[in-house]
Amino acid sequence: MEMDLEHLRKPCTCGRAHEISVRGIWIEEGASKRLYEMLTEGELREFTAPVIVWDDNTSEAAEEALEDVAEICQEICLSSAGLQADNRSVEILEETLPEETDLILAVGSGTIHDLSRYVSSQRRIPFISVPTAASVDGFLSTIAAMTWNGMKKSLPAQAPLYVFADTDIFSKAPYRLTASGISDLLGKYICLADWRIANLVTGEYICDKICEIEYKAIREVVKRLDDIREQDAEACERLMYALLLSGLAMQMAGNSRPASSAEHHLSHLWEMEVINPHTEALHGEKVGVGMLLAEQCYRRLLEAIEEGRCYVKMYSGPEKQLLMDTFGAKGLYESVAEENTPDPMLEIDPDRLNRALPAIAGVLDEIPPGDKLREMLRAGGCCMTLGEIGLPEDVAGQSLLLAPYVRRRLSFLRIAKMLEIEGV
Ligand SMILES: [Zn+2]
Ligand SMILES: [Zn+2]
């Protein structure tokens, strides 16, 4: 099926005309055939030197479906061993990409997409997305998540021109990747709540329509978790749809606000390895566990608000000593301090926060409780504990303290630094 983009581009109740740069998205069995037709006789026939970028795993997964396409394209097959979205892989891709290339076909999951979106935007040529797994919601992102000389960076790049998600390919992906996509998606329960709370507290822009379509897409996936686990084609299409929709939500909002907040900040923190050892866990796996930790913390605050035991307290700035002892020990204090300047907490008026507490409780109450979320993760075959993602169980407390500083964005986890629970 073709995703209805026109519907999303219509003037919106939030007052914005949402911009969507992607021209078309197909999620269906045989989407690769459609890509071939577009390249040979459709809108993409003007491109004379398309190049497929994949790695040995994704080429194996997709070569049958893309047989025709591969015949009319050049190919670059990267080695999957240690393949990362980093400056080394960018160099390799830039060196091997033929001079005359006028279109990149990214065939893979997150890493291949980040590399392709970055290199294509540097070359000022478009790229096409062919996701080989429903593993992340970043296929439509305009930002490339890169490791540059060891530092995690979000580099400006570009979104794909078209997405051809072939069910024959992605529904057969190694299941761990699909489970990771489920976790990345469920994390939206936290980040949408964070967005709505930030709107209540500071009046930050929000679009109800974006929230609504995201919640709806998540519900459709939650209904089908058992089927997704059995790699049922239609159920996997629902997951891919929801992940791509989350990407569209970011395009519509103009940033990652609808798709990344406290649960992602926890994941980013663990990637920085400030308080924990290195972990090989996948992006979504970390996000899923981050979601559970955030939910626990939010639930405590919700109960305190409802029982009249939650108070707004004086805010005295970022916890400098803590940041120096942790990020500082890794030489990252300066960059964290810079990320938090100006301090987003200064946007909060304590009186307004106090008045908003009942409404905040209403939003928190809509997050499915921890046991419900765990039930969903279990049904999806996803990771649920710090141990399962290769982290010591005792990093939970410090993770919740530090994660809000990783990005300059008001999550409720961050706002909670202005809240105090009586008797705790
Ligand atoms: Zn809107
Ligand atoms: Zn994510």
# chains A, B, ... in the order shown; residues from 1 in each chain; ligands from 1
$ residues_around --residues "A:Asp194" --least-positions-apart "6" --cutoff "9 Å" --atoms "only C-alpha atoms" --output "PyMOL selection string"
chain A and resi 261-262+363-364+410-413
$ write_last_selection --atoms "C-alpha atoms" --output "PDB file, in the first residue's frame"
ATOM      1  CA  SER A 261      12.691  12.213  24.668  1.00  0.00           C
ATOM      2  CA  ALA A 262      13.591  10.755  28.095  1.00  0.00           C
ATOM      3  CA  VAL A 363      -1.061  12.933  30.885  1.00  0.00           C
ATOM      4  CA  LEU A 364       1.055  10.613  33.060  1.00  0.00           C
ATOM      5  CA  LEU A 410      12.532  19.361  28.233  1.00  0.00           C
ATOM      6  CA  SER A 411      11.512  15.839  29.108  1.00  0.00           C
ATOM      7  CA  PHE A 412       9.374  15.285  32.176  1.00  0.00           C
ATOM      8  CA  LEU A 413      12.447  13.585  33.619  1.00  0.00           C
TER       9      LEU A 413
END
$ select_by_dssp --residues "stretch 156-251 of chain A" --states "strand (DSSP E)" --output "JSON list (two decimals) with all heavy atoms, in the first residue's frame"
[["chain", "number", "residue", "atom", "x", "y", "z"],
["A", 156, "PRO", "N", 23.74, 17.06, 10.07],
["A", 156, "PRO", "CA", 22.69, 17.37, 9.11],
["A", 156, "PRO", "C", 22.89, 16.58, 7.83],
["A", 156, "PRO", "O", 24.01, 16.48, 7.33],
["A", 156, "PRO", "CB", 22.84, 18.87, 8.86],
["A", 156, "PRO", "CG", 24.09, 19.30, 9.53],
["A", 156, "PRO", "CD", 24.58, 18.21, 10.41],
["A", 162, "TYR", "N", 12.19, 8.67, -1.83],
["A", 162, "TYR", "CA", 11.12, 7.67, -1.79],
["A", 162, "TYR", "C", 11.52, 6.55, -0.83],
["A", 162, "TYR", "O", 12.71, 6.33, -0.61],
["A", 162, "TYR", "CB", 10.91, 7.02, -3.17],
["A", 162, "TYR", "CG", 10.25, 7.90, -4.19],
["A", 162, "TYR", "CD1", 11.01, 8.65, -5.07],
["A", 162, "TYR", "CD2", 8.85, 7.98, -4.26],
["A", 162, "TYR", "CE1", 10.40, 9.46, -6.02],
["A", 162, "TYR", "CE2", 8.24, 8.79, -5.20],
["A", 162, "TYR", "CZ", 9.02, 9.53, -6.08],
["A", 162, "TYR", "OH", 8.41, 10.33, -7.01],
["A", 163, "VAL", "N", 10.51, 5.85, -0.31],
["A", 163, "VAL", "CA", 10.77, 4.64, 0.48],
["A", 163, "VAL", "C", 10.04, 3.47, -0.18],
["A", 163, "VAL", "O", 8.84, 3.57, -0.47],
["A", 163, "VAL", "CB", 10.27, 4.78, 1.93],
["A", 163, "VAL", "CG1", 10.55, 3.50, 2.72],
["A", 163, "VAL", "CG2", 10.91, 5.98, 2.61],
["A", 164, "PHE", "N", 10.78, 2.41, -0.44],
["A", 164, "PHE", "CA", 10.17, 1.18, -0.96],
["A", 164, "PHE", "C", 10.41, 0.08, 0.08],
["A", 164, "PHE", "O", 11.49, -0.52, 0.12],
["A", 164, "PHE", "CB", 10.80, 0.79, -2.30],
["A", 164, "PHE", "CG", 10.57, 1.82, -3.38],
["A", 164, "PHE", "CD1", 11.46, 2.86, -3.57],
["A", 164, "PHE", "CD2", 9.44, 1.75, -4.19],
["A", 164, "PHE", "CE1", 11.24, 3.83, -4.55],
["A", 164, "PHE", "CE2", 9.22, 2.71, -5.17],
["A", 164, "PHE", "CZ", 10.11, 3.76, -5.35],
["A", 165, "ALA", "N", 9.43, -0.12, 0.96],
["A", 165, "ALA", "CA", 9.57, -1.13, 2.01],
["A", 165, "ALA", "C", 8.91, -2.42, 1.52],
["A", 165, "ALA", "O", 7.68, -2.51, 1.48],
["A", 165, "ALA", "CB", 8.93, -0.64, 3.30],
["A", 166, "ASP", "N", 9.73, -3.36, 1.11],
["A", 166, "ASP", "CA", 9.22, -4.61, 0.53],
["A", 166, "ASP", "C", 9.01, -5.64, 1.63],
["A", 166, "ASP", "O", 9.97, -6.08, 2.27],
["A", 166, "ASP", "CB", 10.23, -5.12, -0.52],
["A", 166, "ASP", "CG", 9.63, -6.23, -1.38],
["A", 166, "ASP", "OD1", 8.75, -6.96, -0.88],
["A", 166, "ASP", "OD2", 10.05, -6.35, -2.55]]
$ residues_near_ligand --ligand "ligand 1" --cutoff "12 Å" --atoms "only C-alpha atoms and all ligand atoms" --output "count of residues only"
31
$ residues_near_ligand --ligand "ligand 2" --cutoff "9 Å" --atoms "only C-alpha atoms and all ligand atoms" --output "list in words"
Val136, Asp137, Gly138, Gly181, Ser183, Asp184, Leu185, Gly187, Lys188, Ala259, Ser260, Glu263, His264, Ser267, His283, Gly284 and Val287 of chain A
$ select_by_dssp --residues "stretch 242-395 of chain A" --states "alpha helix (DSSP H)" --output "VMD selection string"
chain A and resid 242 to 253 262 to 272 283 to 306 320 to 326 333 to 339 350 to 365 370 to 379
$ atom_distance --atom1 "atom CA of A:Lys216" --atom2 "atom CA of A:Ala242"
8.8 Å
$ residues_around --residues "A:Glu63" --least-positions-apart "5" --cutoff "12 Å" --atoms "only C-alpha atoms" --output "list in words"
Ser32, Ile52, Val53, Trp54, Asp55, Asp56, Asn57, Thr58, Asp68, Val69, Ala70, Glu71, Glu75, Cys77, Val107, Gly108, Val130, Thr132, Asp166, Asp168 and Ile169 of chain A
$ write_last_selection --atoms "C-alpha atoms" --output "PDB file, in the first residue's frame"
ATOM      1  CA  SER A  32      11.026  -3.768  -5.131  1.00  0.00           C
ATOM      2  CA  ILE A  52      22.986   0.352  -4.548  1.00  0.00           C
ATOM      3  CA  VAL A  53      24.665   0.644  -1.143  1.00  0.00           C
ATOM      4  CA  TRP A  54      24.294  -2.419   1.074  1.00  0.00           C
ATOM      5  CA  ASP A  55      26.400  -4.761   3.211  1.00  0.00           C
ATOM      6  CA  ASP A  56      26.949  -8.505   2.989  1.00  0.00           C
ATOM      7  CA  ASN A  57      24.009  -9.242   5.318  1.00  0.00           C
ATOM      8  CA  THR A  58      21.487  -6.906   3.746  1.00  0.00           C
ATOM      9  CA  ASP A  68      16.036  -6.720 -11.513  1.00  0.00           C
ATOM     10  CA  VAL A  69      17.034  -3.497  -9.799  1.00  0.00           C
ATOM     11  CA  ALA A  70      20.591  -4.755  -9.261  1.00  0.00           C
ATOM     12  CA  GLU A  71      20.908  -5.426 -12.992  1.00  0.00           C
ATOM     13  CA  GLU A  75      26.642  -1.878  -6.359  1.00  0.00           C
ATOM     14  CA  CYS A  77      28.786  -3.902  -0.811  1.00  0.00           C
ATOM     15  CA  VAL A 107      19.392  -1.137   1.109  1.00  0.00           C
ATOM     16  CA  GLY A 108      19.702  -1.953   4.795  1.00  0.00           C
ATOM     17  CA  VAL A 130      14.837   0.262   0.907  1.00  0.00           C
ATOM     18  CA  THR A 132      15.549  -4.458   5.116  1.00  0.00           C
ATOM     19  CA  ASP A 166       9.225  -4.607   0.527  1.00  0.00           C
ATOM     20  CA  ASP A 168       9.140  -9.900   1.195  1.00  0.00           C
ATOM     21  CA  ILE A 169      12.387  -8.493   2.575  1.00  0.00           C
TER      22      ILE A 169
END
$ residues_around --residues "A:Leu346" --least-positions-apart "6" --cutoff "10 Å" --atoms "only C-alpha atoms" --output "PyMOL selection string"
chain A and resi 202+315+317
$ closest_atom_pairs --of "stretch 288-341 of chain A" --to "stretch 377-396 of chain A" --cutoff "10 Å" --atoms "only C-alpha atoms" --output "Markdown table"
| residue | atom | partner | partner_atom | distance |
| --- | --- | --- | --- | --- |
| A:Gly288 | CA | A:Met384 | CA | 6.8 |
| A:Val289 | CA | A:Met384 | CA | 5.4 |
| A:Gly290 | CA | A:Leu386 | CA | 8.8 |
| A:Met291 | CA | A:Met384 | CA | 9.5 |
| A:Leu292 | CA | A:Met384 | CA | 7.7 |
| A:Leu293 | CA | A:Ala396 | CA | 7.2 |
| A:Ala294 | CA | A:Ala396 | CA | 9.8 |
$ residues_around --residues "A:Ile228" --least-positions-apart "4" --cutoff "9 Å" --atoms "only C-alpha atoms" --output "list in words"
Ser171, Thr178, Ala179, Val221, Arg224, Asp232, Ala233, Glu234, Ala235, Cys236, Glu237, Arg238, Leu239 and Gly380 of chain A
$ closest_residue --among "A:Leu401, A:Arg352, A:Pro358, A:Leu266" --to "A:Thr326" --atoms "only C-alpha atoms"
A:Leu401
$ atom_distance --atom1 "atom CA of A:Lys152" --atom2 "atom CA of A:Ala329"
16.8 Å
$ atom_distance --atom1 "atom CA of A:Glu214" --atom2 "atom CA of A:Pro369"
18.6 Å
$ closest_residue --among "A:Met151, A:Ala157, A:Leu282, A:Cys73" --to "A:Asp114" --atoms "only C-alpha atoms"
A:Ala157
$ closest_residue --among "A:Trp195, A:Ala106, A:Ala281, A:Gly370" --to "A:Arg176" --atoms "only C-alpha atoms"
A:Ala281
$ residues_around --residues "A:Glu338" --least-positions-apart "4" --cutoff "12 Å" --atoms "only C-alpha atoms" --output "JSON list (two decimals) with all heavy atoms, in the first residue's frame"
[["chain", "number", "residue", "atom", "x", "y", "z"],
["A", 318, "PRO", "N", 21.88, 23.40, 36.84],
["A", 318, "PRO", "CA", 22.32, 22.02, 36.61],
["A", 318, "PRO", "C", 23.19, 21.50, 37.75],
["A", 318, "PRO", "O", 23.84, 22.29, 38.44],
["A", 318, "PRO", "CB", 23.14, 22.12, 35.32],
["A", 318, "PRO", "CG", 22.75, 23.40, 34.68],
["A", 318, "PRO", "CD", 22.35, 24.32, 35.78],
["A", 332, "LEU", "N", 34.01, 14.72, 28.90],
["A", 332, "LEU", "CA", 32.82, 15.16, 28.17],
["A", 332, "LEU", "C", 32.08, 16.31, 28.87],
["A", 332, "LEU", "O", 30.99, 16.69, 28.45],
["A", 332, "LEU", "CB", 31.85, 13.98, 27.98],
["A", 332, "LEU", "CG", 32.35, 12.84, 27.09],
["A", 332, "LEU", "CD1", 31.41, 11.65, 27.17],
["A", 332, "LEU", "CD2", 32.47, 13.31, 25.64],
["A", 333, "TYR", "N", 32.68, 16.84, 29.95],
["A", 333, "TYR", "CA", 31.95, 17.87, 30.69],
["A", 333, "TYR", "C", 31.65, 19.09, 29.82],
["A", 333, "TYR", "O", 30.53, 19.59, 29.80],
["A", 333, "TYR", "CB", 32.70, 18.30, 31.96],
["A", 333, "TYR", "CG", 31.99, 19.44, 32.64],
["A", 333, "TYR", "CD1", 30.81, 19.19, 33.35],
["A", 333, "TYR", "CD2", 32.43, 20.75, 32.52],
["A", 333, "TYR", "CE1", 30.10, 20.23, 33.94],
["A", 333, "TYR", "CE2", 31.73, 21.79, 33.11],
["A", 333, "TYR", "CZ", 30.56, 21.52, 33.81],
["A", 333, "TYR", "OH", 29.86, 22.55, 34.38],
["A", 334, "GLU", "N", 32.67, 19.53, 29.08],
["A", 334, "GLU", "CA", 32.49, 20.75, 28.27],
["A", 334, "GLU", "C", 31.34, 20.60, 27.28],
["A", 334, "GLU", "O", 30.49, 21.49, 27.15],
["A", 334, "GLU", "CB", 33.78, 21.07, 27.49],
["A", 334, "GLU", "CG", 34.96, 21.44, 28.36],
["A", 334, "GLU", "CD", 34.68, 22.62, 29.28],
["A", 334, "GLU", "OE1", 33.98, 23.55, 28.83],
["A", 334, "GLU", "OE2", 35.12, 22.59, 30.45],
["A", 342, "PRO", "N", 21.63, 27.74, 26.56],
["A", 342, "PRO", "CA", 21.06, 28.10, 27.86],
["A", 342, "PRO", "C", 20.29, 26.93, 28.47],
["A", 342, "PRO", "O", 19.82, 26.05, 27.76],
["A", 342, "PRO", "CB", 20.12, 29.25, 27.51],
["A", 342, "PRO", "CG", 19.77, 29.05, 26.06],
["A", 342, "PRO", "CD", 20.96, 28.39, 25.44],
["A", 343, "ASP", "N", 20.17, 26.96, 29.77],
["A", 343, "ASP", "CA", 19.50, 25.90, 30.52],
["A", 343, "ASP", "C", 18.00, 25.87, 30.17],
["A", 343, "ASP", "O", 17.29, 26.85, 30.40],
["A", 343, "ASP", "CB", 19.69, 26.18, 32.02],
["A", 343, "ASP", "CG", 19.14, 25.06, 32.88],
["A", 343, "ASP", "OD1", 18.43, 24.19, 32.34],
["A", 343, "ASP", "OD2", 19.41, 25.08, 34.09],
["A", 344, "PRO", "N", 17.52, 24.77, 29.58],
["A", 344, "PRO", "CA", 16.09, 24.72, 29.19],
["A", 344, "PRO", "C", 15.15, 24.86, 30.39],
["A", 344, "PRO", "O", 13.99, 25.25, 30.23],
["A", 344, "PRO", "CB", 15.94, 23.34, 28.54],
["A", 344, "PRO", "CG", 17.08, 22.53, 29.04],
["A", 344, "PRO", "CD", 18.20, 23.50, 29.30],
["A", 405, "TYR", "N", 20.46, 15.45, 30.86],
["A", 405, "TYR", "CA", 21.48, 16.41, 30.45],
["A", 405, "TYR", "C", 22.08, 16.09, 29.08],
["A", 405, "TYR", "O", 22.87, 16.86, 28.54],
["A", 405, "TYR", "CB", 22.61, 16.46, 31.48],
["A", 405, "TYR", "CG", 22.17, 17.06, 32.80],
["A", 405, "TYR", "CD1", 22.02, 16.27, 33.93],
["A", 405, "TYR", "CD2", 21.89, 18.42, 32.89],
["A", 405, "TYR", "CE1", 21.61, 16.81, 35.14],
["A", 405, "TYR", "CE2", 21.48, 18.98, 34.10],
["A", 405, "TYR", "CZ", 21.35, 18.17, 35.21],
["A", 405, "TYR", "OH", 20.94, 18.72, 36.40],
["A", 406, "VAL", "N", 21.73, 14.93, 28.55],
["A", 406, "VAL", "CA", 22.35, 14.49, 27.30],
["A", 406, "VAL", "C", 21.87, 15.31, 26.11],
["A", 406, "VAL", "O", 22.60, 15.51, 25.14],
["A", 406, "VAL", "CB", 22.08, 12.98, 27.10],
["A", 406, "VAL", "CG1", 22.46, 12.52, 25.72],
["A", 406, "VAL", "CG2", 22.84, 12.17, 28.15],
["A", 407, "ARG", "N", 20.63, 15.78, 26.17],
["A", 407, "ARG", "CA", 20.10, 16.62, 25.09],
["A", 407, "ARG", "C", 19.39, 17.83, 25.68],
["A", 407, "ARG", "O", 18.80, 17.75, 26.75],
["A", 407, "ARG", "CB", 19.09, 15.85, 24.23],
["A", 407, "ARG", "CG", 19.68, 14.76, 23.36],
["A", 407, "ARG", "CD", 20.44, 15.32, 22.16],
["A", 407, "ARG", "NE", 20.89, 14.25, 21.29],
["A", 407, "ARG", "CZ", 21.97, 13.50, 21.50],
["A", 407, "ARG", "NH1", 22.71, 13.71, 22.56],
["A", 407, "ARG", "NH2", 22.32, 12.55, 20.65],
["A", 408, "ARG", "N", 19.41, 18.91, 24.95],
["A", 408, "ARG", "CA", 18.76, 20.12, 25.41],
["A", 408, "ARG", "C", 17.27, 20.07, 25.06],
["A", 408, "ARG", "O", 16.82, 20.72, 24.13],
["A", 408, "ARG", "CB", 19.41, 21.34, 24.75],
["A", 408, "ARG", "CG", 19.19, 22.58, 25.54],
["A", 408, "ARG", "CD", 19.78, 23.81, 24.89],
["A", 408, "ARG", "NE", 19.15, 24.95, 25.50],
["A", 408, "ARG", "CZ", 17.97, 25.41, 25.15],
["A", 408, "ARG", "NH1", 17.33, 24.87, 24.15],
["A", 408, "ARG", "NH2", 17.43, 26.42, 25.79]]
$ closest_residue --among "A:Glu339, A:Glu422, A:Asp86, A:Asp349" --to "A:Pro404" --atoms "only C-alpha atoms"
A:Glu339
$ decode --residues "stretch 61-83 of chain A" --atoms "N, CA, C and O atoms" --output "PDB file, in the first residue's frame"
ATOM      1  N   ALA A  61      19.910 -10.635   2.198  1.00  0.00           N
ATOM      2  CA  ALA A  61      18.480 -10.594   2.520  1.00  0.00           C
ATOM      3  C   ALA A  61      17.649 -10.051   1.358  1.00  0.00           C
ATOM      4  O   ALA A  61      16.503 -10.440   1.172  1.00  0.00           O
ATOM      5  N   ALA A  62      18.234  -9.153   0.576  1.00  0.00           N
ATOM      6  CA  ALA A  62      17.422  -8.429  -0.410  1.00  0.00           C
ATOM      7  C   ALA A  62      17.725  -8.784  -1.856  1.00  0.00           C
ATOM      8  O   ALA A  62      17.012  -8.362  -2.761  1.00  0.00           O
ATOM      9  N   GLU A  63      18.778  -9.583  -2.106  1.00  0.00           N
ATOM     10  CA  GLU A  63      19.224  -9.731  -3.506  1.00  0.00           C
ATOM     11  C   GLU A  63      18.180 -10.393  -4.399  1.00  0.00           C
ATOM     12  O   GLU A  63      18.043 -10.042  -5.563  1.00  0.00           O
ATOM     13  N   GLU A  64      17.413 -11.314  -3.807  1.00  0.00           N
ATOM     14  CA  GLU A  64      16.412 -11.986  -4.631  1.00  0.00           C
ATOM     15  C   GLU A  64      15.327 -10.993  -5.065  1.00  0.00           C
ATOM     16  O   GLU A  64      15.006 -10.879  -6.244  1.00  0.00           O
ATOM     17  N   ALA A  65      14.805 -10.254  -4.081  1.00  0.00           N
ATOM     18  CA  ALA A  65      13.745  -9.290  -4.395  1.00  0.00           C
ATOM     19  C   ALA A  65      14.250  -8.177  -5.311  1.00  0.00           C
ATOM     20  O   ALA A  65      13.511  -7.652  -6.137  1.00  0.00           O
ATOM     21  N   LEU A  66      15.527  -7.842  -5.168  1.00  0.00           N
ATOM     22  CA  LEU A  66      16.065  -6.706  -5.932  1.00  0.00           C
ATOM     23  C   LEU A  66      16.856  -7.140  -7.171  1.00  0.00           C
ATOM     24  O   LEU A  66      17.621  -6.351  -7.729  1.00  0.00           O
ATOM     25  N   GLU A  67      16.643  -8.380  -7.589  1.00  0.00           N
ATOM     26  CA  GLU A  67      17.424  -8.916  -8.709  1.00  0.00           C
ATOM     27  C   GLU A  67      17.388  -7.993  -9.938  1.00  0.00           C
ATOM     28  O   GLU A  67      18.424  -7.643 -10.504  1.00  0.00           O
ATOM     29  N   ASP A  68      16.178  -7.588 -10.330  1.00  0.00           N
ATOM     30  CA  ASP A  68      16.036  -6.720 -11.513  1.00  0.00           C
ATOM     31  C   ASP A  68      16.702  -5.370 -11.296  1.00  0.00           C
ATOM     32  O   ASP A  68      17.375  -4.843 -12.180  1.00  0.00           O
ATOM     33  N   VAL A  69      16.475  -4.817 -10.105  1.00  0.00           N
ATOM     34  CA  VAL A  69      17.034  -3.497  -9.799  1.00  0.00           C
ATOM     35  C   VAL A  69      18.561  -3.558  -9.866  1.00  0.00           C
ATOM     36  O   VAL A  69      19.211  -2.676 -10.440  1.00  0.00           O
ATOM     37  N   ALA A  70      19.128  -4.634  -9.301  1.00  0.00           N
ATOM     38  CA  ALA A  70      20.591  -4.755  -9.261  1.00  0.00           C
ATOM     39  C   ALA A  70      21.187  -4.815 -10.668  1.00  0.00           C
ATOM     40  O   ALA A  70      22.323  -4.393 -10.885  1.00  0.00           O
ATOM     41  N   GLU A  71      20.396  -5.322 -11.620  1.00  0.00           N
ATOM     42  CA  GLU A  71      20.908  -5.426 -12.992  1.00  0.00           C
ATOM     43  C   GLU A  71      21.115  -4.072 -13.655  1.00  0.00           C
ATOM     44  O   GLU A  71      21.933  -3.941 -14.562  1.00  0.00           O
ATOM     45  N   ILE A  72      20.367  -3.079 -13.206  1.00  0.00           N
ATOM     46  CA  ILE A  72      20.499  -1.765 -13.855  1.00  0.00           C
ATOM     47  C   ILE A  72      21.237  -0.755 -12.966  1.00  0.00           C
ATOM     48  O   ILE A  72      21.265   0.427 -13.251  1.00  0.00           O
ATOM     49  N   CYS A  73      21.802  -1.254 -11.855  1.00  0.00           N
ATOM     50  CA  CYS A  73      22.529  -0.355 -10.951  1.00  0.00           C
ATOM     51  C   CYS A  73      23.950  -0.857 -10.742  1.00  0.00           C
ATOM     52  O   CYS A  73      24.223  -2.040 -10.880  1.00  0.00           O
ATOM     53  N   GLN A  74      24.830   0.050 -10.362  1.00  0.00           N
ATOM     54  CA  GLN A  74      26.112  -0.397  -9.822  1.00  0.00           C
ATOM     55  C   GLN A  74      25.884  -0.740  -8.355  1.00  0.00           C
ATOM     56  O   GLN A  74      24.889  -0.330  -7.768  1.00  0.00           O
ATOM     57  N   GLU A  75      26.826  -1.469  -7.757  1.00  0.00           N
ATOM     58  CA  GLU A  75      26.642  -1.878  -6.359  1.00  0.00           C
ATOM     59  C   GLU A  75      27.884  -1.582  -5.543  1.00  0.00           C
ATOM     60  O   GLU A  75      28.992  -1.753  -6.031  1.00  0.00           O
ATOM     61  N   ILE A  76      27.653  -1.178  -4.304  1.00  0.00           N
ATOM     62  CA  ILE A  76      28.758  -1.114  -3.349  1.00  0.00           C
ATOM     63  C   ILE A  76      28.352  -1.965  -2.164  1.00  0.00           C
ATOM     64  O   ILE A  76      27.340  -1.689  -1.512  1.00  0.00           O
ATOM     65  N   CYS A  77      29.110  -3.031  -1.934  1.00  0.00           N
ATOM     66  CA  CYS A  77      28.786  -3.902  -0.811  1.00  0.00           C
ATOM     67  C   CYS A  77      29.811  -3.669   0.298  1.00  0.00           C
ATOM     68  O   CYS A  77      30.985  -4.006   0.158  1.00  0.00           O
ATOM     69  N   LEU A  78      29.363  -3.053   1.389  1.00  0.00           N
ATOM     70  CA  LEU A  78      30.260  -2.781   2.512  1.00  0.00           C
ATOM     71  C   LEU A  78      30.392  -4.047   3.356  1.00  0.00           C
ATOM     72  O   LEU A  78      29.495  -4.891   3.363  1.00  0.00           O
ATOM     73  N   SER A  79      31.499  -4.160   4.049  1.00  0.00           N
ATOM     74  CA  SER A  79      31.683  -5.317   4.918  1.00  0.00           C
ATOM     75  C   SER A  79      30.903  -5.091   6.206  1.00  0.00           C
ATOM     76  O   SER A  79      31.033  -4.051   6.851  1.00  0.00           O
ATOM     77  N   SER A  80      30.061  -6.066   6.572  1.00  0.00           N
ATOM     78  CA  SER A  80      29.211  -5.868   7.754  1.00  0.00           C
ATOM     79  C   SER A  80      30.004  -6.020   9.051  1.00  0.00           C
ATOM     80  O   SER A  80      29.547  -5.607  10.110  1.00  0.00           O
ATOM     81  N   ALA A  81      31.209  -6.590   8.961  1.00  0.00           N
ATOM     82  CA  ALA A  81      32.010  -6.789  10.179  1.00  0.00           C
ATOM     83  C   ALA A  81      32.413  -5.434  10.755  1.00  0.00           C
ATOM     84  O   ALA A  81      33.162  -4.685  10.129  1.00  0.00           O
ATOM     85  N   GLY A  82      31.877  -5.130  11.919  1.00  0.00           N
ATOM     86  CA  GLY A  82      32.209  -3.871  12.589  1.00  0.00           C
ATOM     87  C   GLY A  82      31.676  -2.641  11.872  1.00  0.00           C
ATOM     88  O   GLY A  82      32.123  -1.524  12.137  1.00  0.00           O
ATOM     89  N   LEU A  83      30.729  -2.839  10.942  1.00  0.00           N
ATOM     90  CA  LEU A  83      30.194  -1.687  10.195  1.00  0.00           C
ATOM     91  C   LEU A  83      29.426  -0.755  11.123  1.00  0.00           C
ATOM     92  O   LEU A  83      28.526  -1.176  11.841  1.00  0.00           O
TER      93      LEU A  83
END
